file my_file-v8.txt (compact mmCIF, C-alpha atoms)
# COMPACT_ATOMS: atom_id res chain seq x y z
CA MET C 1 2.81 16.05 -10.96
CA LYS C 2 0.73 15.02 -7.94
CA ASN C 3 -0.53 18.61 -7.50
CA ILE C 4 -1.53 18.75 -11.16
CA ILE C 5 -3.51 15.52 -10.84
CA VAL C 6 -5.28 16.79 -7.70
CA ALA C 7 -6.12 20.09 -9.38
CA ALA C 8 -7.47 18.30 -12.43
CA SER C 9 -9.64 16.11 -10.21
CA VAL C 10 -11.09 19.14 -8.40
CA ILE C 11 -11.85 20.89 -11.70
CA ALA C 12 -13.52 17.75 -13.04
CA ALA C 13 -15.64 17.43 -9.89
CA LEU C 14 -16.72 21.05 -10.10
CA GLY C 15 -17.52 20.62 -13.76
CA ALA C 16 -19.67 17.59 -13.01
CA GLY C 17 -21.45 19.52 -10.27
CA SER C 18 -22.14 22.42 -12.64
CA ALA C 19 -23.50 20.04 -15.25
CA THR C 20 -25.81 18.48 -12.67
CA ILE C 21 -27.10 21.87 -11.57
CA ALA C 22 -27.69 22.92 -15.17
CA GLN C 23 -29.60 19.71 -15.84
CA ASN C 24 -31.68 20.10 -12.69
CA ALA C 25 -32.44 23.72 -13.49
CA THR C 26 -33.65 22.72 -16.93
CA THR C 27 -35.87 19.84 -15.83
CA ASN C 28 -36.96 21.12 -12.45
CA GLY C 29 -39.15 24.08 -13.41
CA PRO C 30 -41.36 25.99 -10.95
CA ALA C 31 -44.20 23.45 -11.28
CA ARG C 32 -41.87 20.75 -9.94
CA VAL C 33 -40.47 22.69 -7.01
CA GLN C 34 -40.61 20.73 -3.77
CA ALA C 35 -43.36 22.07 -1.51
CA GLY C 36 -42.32 22.92 2.03
CA THR C 37 -40.53 25.42 4.23
CA TYR C 38 -37.24 27.06 3.27
CA SER C 39 -34.72 29.28 5.03
CA ILE C 40 -32.63 31.99 3.38
CA ASP C 41 -29.07 31.03 2.55
CA SER C 42 -27.59 34.23 4.00
CA SER C 43 -24.22 33.69 2.36
CA HIS C 44 -25.74 33.78 -1.13
CA THR C 45 -28.50 36.35 -0.70
CA LEU C 46 -28.10 40.08 -1.29
CA ALA C 47 -30.46 43.06 -1.24
CA GLN C 48 -29.41 46.05 -3.33
CA PHE C 49 -30.77 49.59 -3.39
CA GLY C 50 -30.17 52.25 -6.01
CA VAL C 51 -30.75 56.00 -6.15
CA MET C 52 -29.97 58.74 -8.66
CA HIS C 53 -27.12 60.83 -7.25
CA PHE C 54 -27.79 64.51 -7.99
CA GLY C 55 -29.38 63.44 -11.27
CA ILE C 56 -25.94 62.50 -12.60
CA ASN C 57 -25.58 58.76 -12.09
CA GLU C 58 -27.23 55.85 -10.32
CA PHE C 59 -25.53 54.84 -7.10
CA PHE C 60 -25.87 51.45 -5.43
CA GLY C 61 -25.53 49.89 -1.99
CA THR C 62 -26.11 46.40 -0.63
CA PHE C 63 -27.41 44.82 2.56
CA PRO C 64 -25.84 41.39 3.16
CA GLY C 65 -26.77 39.11 6.04
CA ALA C 66 -30.44 38.57 5.21
CA THR C 67 -32.44 36.04 7.22
CA GLY C 68 -35.94 34.72 6.70
CA THR C 69 -38.23 31.95 5.55
CA LEU C 70 -40.28 30.91 2.56
CA THR C 71 -43.25 28.55 2.61
CA ILE C 72 -44.33 27.42 -0.86
CA ASP C 73 -46.55 24.94 -2.63
CA PRO C 74 -46.22 25.04 -6.45
CA LYS C 75 -49.77 23.70 -6.76
CA ASN C 76 -51.12 26.68 -4.84
CA ILE C 77 -48.82 29.67 -5.25
CA ALA C 78 -51.38 31.99 -3.67
CA VAL C 79 -50.65 30.55 -0.20
CA THR C 80 -46.91 31.33 -0.46
CA LYS C 81 -45.51 33.14 2.58
CA ILE C 82 -42.25 35.08 2.63
CA ASN C 83 -40.56 36.81 5.56
CA VAL C 84 -37.21 38.56 5.13
CA THR C 85 -35.17 40.57 7.64
CA LEU C 86 -32.16 42.72 6.73
CA PRO C 87 -29.70 44.08 9.32
CA VAL C 88 -29.27 47.79 8.61
CA ALA C 89 -25.76 47.98 10.05
CA THR C 90 -24.41 45.74 7.27
CA VAL C 91 -25.01 48.36 4.55
CA SER C 92 -22.10 48.46 2.11
CA THR C 93 -21.37 50.89 -0.72
CA THR C 94 -17.59 50.16 -0.89
CA ASN C 95 -17.15 53.67 0.59
CA ALA C 96 -16.46 53.41 4.33
CA THR C 97 -17.22 57.08 4.99
CA LEU C 98 -20.58 56.86 3.27
CA ASP C 99 -21.42 53.55 4.99
CA LYS C 100 -20.90 55.23 8.37
CA GLU C 101 -23.15 58.10 7.31
CA LEU C 102 -25.91 55.80 6.06
CA VAL C 103 -26.24 53.95 9.38
CA GLY C 104 -26.45 57.29 11.21
CA ALA C 105 -29.50 59.21 12.38
CA ASP C 106 -29.85 61.23 9.16
CA TRP C 107 -30.39 58.10 7.07
CA PHE C 108 -31.28 54.55 8.19
CA ASP C 109 -30.60 55.23 11.90
CA ALA C 110 -29.42 51.71 12.70
CA ALA C 111 -29.17 52.46 16.43
CA ARG C 112 -32.95 53.01 16.69
CA PHE C 113 -34.09 50.81 13.82
CA PRO C 114 -31.59 47.95 13.48
CA ASP C 115 -33.62 45.86 11.00
CA MET C 116 -35.68 46.20 7.86
CA ARG C 117 -38.42 43.61 7.38
CA PHE C 118 -40.60 42.47 4.51
CA THR C 119 -43.63 40.25 5.08
CA SER C 120 -45.68 39.06 2.13
CA THR C 121 -49.45 39.41 2.08
CA LYS C 122 -50.28 38.12 -1.41
CA VAL C 123 -48.45 36.26 -4.19
CA THR C 124 -49.95 36.26 -7.69
CA ASN C 125 -48.71 34.34 -10.72
CA THR C 126 -47.99 36.54 -13.75
CA GLY C 127 -46.27 33.93 -15.95
CA VAL C 128 -44.60 30.53 -15.96
CA LYS C 129 -41.65 31.81 -13.93
CA THR C 130 -42.90 35.19 -12.70
CA ALA C 131 -45.13 36.54 -9.96
CA THR C 132 -45.95 39.70 -8.07
CA ILE C 133 -45.37 39.69 -4.33
CA ALA C 134 -47.41 42.20 -2.34
CA GLY C 135 -46.36 42.78 1.23
CA ASN C 136 -45.47 45.17 4.01
CA LEU C 137 -42.03 46.74 4.26
CA THR C 138 -40.94 48.08 7.64
CA MET C 139 -38.02 50.49 7.42
CA HIS C 140 -36.91 53.31 9.68
CA GLY C 141 -39.81 52.54 12.01
CA VAL C 142 -42.44 52.96 9.28
CA THR C 143 -44.50 50.17 7.68
CA LYS C 144 -45.87 50.62 4.15
CA PRO C 145 -47.29 48.25 1.51
CA ILE C 146 -45.07 47.58 -1.51
CA VAL C 147 -45.14 45.25 -4.51
CA LEU C 148 -42.15 43.30 -5.83
CA ASN C 149 -41.85 41.65 -9.23
CA ALA C 150 -40.31 38.22 -8.75
CA LYS C 151 -38.71 35.75 -11.16
CA PHE C 152 -37.97 32.11 -10.39
CA ASN C 153 -34.46 31.19 -11.53
CA ALA C 154 -33.96 27.53 -10.72
CA ALA C 155 -34.27 24.69 -8.22
CA ALA C 156 -31.35 22.34 -7.68
CA THR C 157 -29.33 20.52 -5.05
CA ASN C 158 -26.31 22.58 -4.07
CA PRO C 159 -23.29 20.32 -4.79
CA ILE C 160 -21.36 21.75 -1.82
CA SER C 161 -23.97 21.96 0.95
CA LYS C 162 -26.19 19.18 -0.51
CA ALA C 163 -29.20 21.37 0.33
CA TYR C 164 -32.15 21.50 -2.05
CA THR C 165 -32.18 25.19 -2.99
CA LEU C 166 -34.51 27.61 -4.78
CA GLY C 167 -33.25 30.76 -6.48
CA PHE C 168 -35.24 33.94 -7.08
CA LYS C 169 -34.75 37.54 -8.16
CA ALA C 170 -37.14 40.31 -7.12
CA THR C 171 -37.27 43.98 -8.08
CA GLY C 172 -39.33 46.99 -7.09
CA VAL C 173 -39.36 50.74 -6.47
CA ILE C 174 -40.19 52.63 -3.27
CA LYS C 175 -40.34 56.27 -2.21
CA ARG C 176 -37.75 56.54 0.55
CA THR C 177 -39.29 59.72 1.96
CA ALA C 178 -42.47 57.73 2.69
CA PHE C 179 -40.38 55.84 5.25
CA GLY C 180 -38.88 58.99 6.75
CA VAL C 181 -35.51 58.67 4.98
CA SER C 182 -35.50 62.10 3.36
CA LYS C 183 -31.89 63.33 3.53
CA TYR C 184 -30.95 65.30 0.37
CA ALA C 185 -34.25 64.51 -1.38
CA PRO C 186 -34.92 65.22 -4.18
CA LEU C 187 -31.28 65.93 -5.13
CA VAL C 188 -30.64 62.32 -4.21
CA SER C 189 -33.72 60.71 -5.73
CA ASP C 190 -36.79 59.85 -3.72
CA ASP C 191 -37.40 56.87 -6.02
CA THR C 192 -35.27 54.01 -4.75
CA THR C 193 -34.90 50.79 -6.69
CA ILE C 194 -34.80 47.48 -4.87
CA THR C 195 -33.14 44.37 -6.30
CA ILE C 196 -32.98 41.14 -4.32
CA THR C 197 -31.21 37.96 -5.36
CA ALA C 198 -32.17 35.21 -2.94
CA ALA C 199 -31.34 31.57 -2.33
CA PHE C 200 -33.65 29.51 -0.10
CA GLU C 201 -32.62 26.13 1.34
CA LYS C 202 -35.27 23.51 2.14
CA THR C 203 -35.63 22.79 5.85
CA ALA C 204 -38.94 20.88 6.02
call {"tool": "encode", "arguments": {"input": "my_file-v8.txt", "output": "structure tokens"}}
result
Amino acid sequence: MKNIIVAASVIAALGAGSATIAQNATTNGPARVQAGTYSIDSSHTLAQFGVMHFGINEFFGTFPGATGTLTIDPKNIAVTKINVTLPVATVSTTNATLDKELVGADWFDAARFPDMRFTSTKVTNTGVKTATIAGNLTMHGVTKPIVLNAKFNAAATNPISKAYTLGFKATGVIKRTAFGVSKYAPLVSDDTTITITAAFEKTA
């Protein structure tokens, strides 16, 4: 009976926390986001890439372990600055053999180029919760300009960490051969989709 009571209490607490988050997300739109500096919550941020595999199906991989910062002022979105770094060696496709191949010299070459980096150069509002983020992507030792389409999800205090947190999703498309990653192109598509789901915790 004691275990049942404890379990019920935990469920109730989590339910209350979820309700609070939902309320905050509803009332705390992008215009009310707290200005300041944020750091990526690495545990809840993922970058995904997708390619067409021999024209048959789309195949995905992820890069966990992102680090970086965001500086934002909702009253002046144009001055927003974003810096994100992804460790190449963390690539995961759920296929261990393929993961080992991808970090090798024929693909991302993690030994020579251990990180991918994105640094924003311009942020432009496109809607109440959307923006374009222009910036420079450095991958495989090559730096090229790219544009990401970003959507603001919510701002709320994380009930576990107690950190004020912003959530975003960003998408885009790059030509991997432009960065020197040309293995099997075009049988494995040159066009590579990018999807990033990011959580940023306020630090200042």
call {"tool": "closest_residue", "arguments": {"input": "my_file-v8.txt", "among": "C:Arg117, C:Lys100, C:Lys75, C:Lys202", "to": "Thr165 of chain C", "atoms": "all atoms listed in the file"}}
result
C:Lys202
call {"tool": "closest_residue", "arguments": {"input": "my_file-v8.txt", "among": "C:Arg32, C:His53, C:His44, C:His140", "to": "Pro186 of chain C", "atoms": "all atoms listed in the file"}}
result
C:His53
call {"tool": "closest_residue", "arguments": {"input": "my_file-v8.txt", "among": "C:Gly36, C:Gly50, C:Gly180, C:Gly127", "to": "Thr71 of chain C", "atoms": "only C-alpha atoms"}}
result
C:Gly36
call {"tool": "closest_residue", "arguments": {"input": "my_file-v8.txt", "among": "C:Asn57, C:Asn158, C:Ser189, C:Ser39", "to": "Ile72 of chain C", "atoms": "all atoms listed in the file"}}
result
C:Ser39
call {"tool": "closest_residue", "arguments": {"input": "my_file-v8.txt", "among": "C:Thr177, C:Ala131, C:Ser42, C:Asn95", "to": "Phe60 of chain C", "atoms": "all atoms listed in the file"}}
result
C:Asn95
call {"tool": "atom_distance", "arguments": {"input": "my_file-v8.txt", "atom1": "atom CA of Thr192 of chain C", "atom2": "atom CA of Ala47 of chain C"}}
result
12.5 Å
call {"tool": "atom_distance", "arguments": {"input": "my_file-v8.txt", "atom1": "atom CA of Ala170 of chain C", "atom2": "atom CA of Val142 of chain C"}}
result
21.4 Å
call {"tool": "decode", "arguments": {"input": "my_file-v8.txt", "residues": "segment 38-104 of chain C", "atoms": "C-alpha atoms", "output": "mmCIF file, in the first residue's frame"}}
result
data_model
loop_
_atom_site.group_PDB
_atom_site.id
_atom_site.type_symbol
_atom_site.label_atom_id
_atom_site.label_comp_id
_atom_site.auth_asym_id
_atom_site.auth_seq_id
_atom_site.Cartn_x
_atom_site.Cartn_y
_atom_site.Cartn_z
ATOM 1 C CA TYR C 38 21.531 30.619 -22.925
ATOM 2 C CA SER C 39 23.514 27.391 -23.141
ATOM 3 C CA ILE C 40 22.431 24.256 -24.986
ATOM 4 C CA ASP C 41 20.931 21.529 -22.829
ATOM 5 C CA SER C 42 23.006 18.761 -24.424
ATOM 6 C CA SER C 43 20.880 15.995 -22.952
ATOM 7 C CA HIS C 44 17.768 17.236 -24.762
ATOM 8 C CA THR C 45 19.219 18.497 -28.035
ATOM 9 C CA LEU C 46 19.628 16.398 -31.176
ATOM 10 C CA ALA C 47 20.784 17.111 -34.723
ATOM 11 C CA GLN C 48 19.486 14.754 -37.395
ATOM 12 C CA PHE C 49 20.572 14.308 -41.008
ATOM 13 C CA GLY C 50 18.724 12.500 -43.763
ATOM 14 C CA VAL C 51 19.695 11.265 -47.230
ATOM 15 C CA MET C 52 17.957 9.252 -49.938
ATOM 16 C CA HIS C 53 19.515 5.787 -49.994
ATOM 17 C CA PHE C 54 19.903 4.658 -53.620
ATOM 18 C CA GLY C 55 16.681 6.509 -54.414
ATOM 19 C CA ILE C 56 14.732 3.871 -52.481
ATOM 20 C CA ASN C 57 14.146 5.295 -49.020
ATOM 21 C CA GLU C 58 15.234 8.141 -46.778
ATOM 22 C CA PHE C 59 17.826 7.161 -44.199
ATOM 23 C CA PHE C 60 18.528 9.070 -40.989
ATOM 24 C CA GLY C 61 21.334 9.556 -38.491
ATOM 25 C CA THR C 62 21.752 11.714 -35.406
ATOM 26 C CA PHE C 63 24.515 13.662 -33.698
ATOM 27 C CA PRO C 64 23.957 13.874 -29.932
ATOM 28 C CA GLY C 65 26.190 15.813 -27.555
ATOM 29 C CA ALA C 66 25.707 19.295 -28.997
ATOM 30 C CA THR C 67 27.172 22.274 -27.155
ATOM 31 C CA GLY C 68 26.749 25.974 -27.770
ATOM 32 C CA THR C 69 25.176 29.270 -26.810
ATOM 33 C CA LEU C 70 22.287 31.512 -27.744
ATOM 34 C CA THR C 71 22.056 35.243 -27.073
ATOM 35 C CA ILE C 72 18.573 36.650 -27.650
ATOM 36 C CA ASP C 73 16.476 39.741 -27.083
ATOM 37 C CA PRO C 74 12.821 39.332 -28.173
ATOM 38 C CA LYS C 75 12.599 43.086 -28.721
ATOM 39 C CA ASN C 76 15.418 42.942 -31.259
ATOM 40 C CA ILE C 77 15.561 39.505 -32.870
ATOM 41 C CA ALA C 78 18.022 40.728 -35.493
ATOM 42 C CA VAL C 79 20.845 40.810 -32.912
ATOM 43 C CA THR C 80 20.347 37.136 -31.972
ATOM 44 C CA LYS C 81 23.567 35.111 -31.966
ATOM 45 C CA ILE C 82 23.747 31.323 -32.113
ATOM 46 C CA ASN C 83 26.802 29.078 -31.939
ATOM 47 C CA VAL C 84 26.463 25.294 -32.040
ATOM 48 C CA THR C 85 29.155 22.602 -32.072
ATOM 49 C CA LEU C 86 28.509 18.920 -32.808
ATOM 50 C CA PRO C 87 31.047 16.163 -32.069
ATOM 51 C CA VAL C 88 31.332 14.042 -35.220
ATOM 52 C CA ALA C 89 32.323 10.871 -33.375
ATOM 53 C CA THR C 90 28.891 10.671 -31.715
ATOM 54 C CA VAL C 91 27.095 9.931 -35.010
ATOM 55 C CA SER C 92 24.431 7.260 -34.521
ATOM 56 C CA THR C 93 22.313 5.429 -37.090
ATOM 57 C CA THR C 94 21.479 2.420 -34.840
ATOM 58 C CA ASN C 95 23.798 0.431 -37.154
ATOM 59 C CA ALA C 96 27.212 0.015 -35.497
ATOM 60 C CA THR C 97 28.940 -1.004 -38.734
ATOM 61 C CA LEU C 98 27.652 2.035 -40.562
ATOM 62 C CA ASP C 99 28.489 4.347 -37.643
ATOM 63 C CA LYS C 100 32.113 3.169 -37.806
ATOM 64 C CA GLU C 101 32.168 3.814 -41.554
ATOM 65 C CA LEU C 102 30.681 7.299 -41.218
ATOM 66 C CA VAL C 103 33.380 8.515 -38.819
ATOM 67 C CA GLY C 104 36.067 7.182 -41.171
#
